[in-house]
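Asker: Can you keep this structure in mind? I'll have questions shortly.
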Amino acid sequence: MRRWGTALAAMTLAGGALAATAGTAGAVTPMAAKAAAKAAAKAAAACETGWGSGEKTAAPAGHAPLENIRTGRHTCYDRIVFDVKGATAADRVGYRVEYVDALHQDGSGEEIPVSGGAILDIHVSAPSYGPGTGGESYPGRARKPLPGVDIDGYQTFRDTRFGASFEGETQVGLGVRARLPFRVFQTDGHVVVDVAHSWNAVR
């Protein structure tokens, strides 16, 4: 009898220990999941913008000459910047940026091949020549990659092509990984286009 009593006591203690362990494990899992979800939400919030992928436009107040085009990599997006000589907040630069199925050169209508999963057709109201003199202000060449721009290793950008400088506007084709959200804004002397790295990071 004593042996049976000792065995029963041991089984009872073991069962209690298992129940306690199961309870502890059950408590840890939701906490870990909650912490992971919180961290993911925080990371996503850092890139949240609501830009969308629809056409963006702004009317021009003038046509100052284009000086340079450059790009940069950022945490949430890749960026292309159009530097416009003499443009100010009062003399704003117009633009039209939209996704297209194919890039067609302004003026001729000829198709220009652009690599990538999607193509942004960018028009900036800044010619690549001086409106008064006709002298070249930016050395872009039709169908060629943008001079001095290297997008190797970029997360979103895949290709750049100079389209044309026609009737006071410069056209650039930007090949991107996919049809992703983008925004366009202006500061003094600059038109900036940011393309998000993903739909998940940027709503």
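Within each chain, counting starts at residue 1; across the structure tokens, chains are named A, B, ... in the order shown, with ligands numbered 1 upward in that order.
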Which residues come within 7 Å of segment 180-193 of chain A, counting only C-alpha atoms, excluding same-chain residues fewer than 4 positions away, as a ChimeraX atom specification?
Answerer: /A:51-53,56,79-89,198-199
Asker: I want to know what sits within 12 Å of Asp159 of chain A, based on only C-alpha atoms, with residues of the same chain fewer than 3 positions away left out; could you give that as a PyMOL selection string?
Answerer: chain A and resi 71+80+112-120+143-146+149-156+162+172-177
Asker: Find the spatial neighbours of Tyr129 of chain A, counting only C-alpha atoms, within a cut-off of 10 Å - ignore same-chain residues fewer than 2 positions away - and output them as a PyMOL selection string.
Answerer: chain A and resi 64-67+126-127+131-139+165+168+170
Asker: Report, in Å to a single decimal, how far apart atom CA of Ala164 of chain A and atom CA of Gly109 of chain A are.
Answerer: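 Atom-to-atom, atom CA of Gly109 of chain A to atom CA of Ala164 of chain A, that is 10.5 Å.
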Asker: Looking at only C-alpha atoms, which of A:Ala90, A:Ile69, A:Cys76, A:Met31 is the one that sits closest to Thr160 of chain A?
Answerer: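 The shortest atom-to-atom distance to Thr160 of chain A comes from A:Ile69.
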Asker: Identify which of the residues A:Asp106, A:Asp91, A:Asp121, A:Asp78 lies closest to Gly62 of chain A, counting only C-alpha atoms when measuring atom-to-atom distances.
Answerer: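 Among the listed residues, A:Asp91 lies closest to Gly62 of chain A.
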Asker: Between atom CA of His123 of chain A and atom CA of Arg158 of chain A, what distance in Å does the model show, to one decimal?
Answerer: 18.5 Å
Asker: A:Val93, A:Leu103, A:His63, A:Arg73: which is nearest Ser128 of chain A, counting only C-alpha atoms?
Answerer: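 For Ser128 of chain A, the nearest of the candidates is A:His63.
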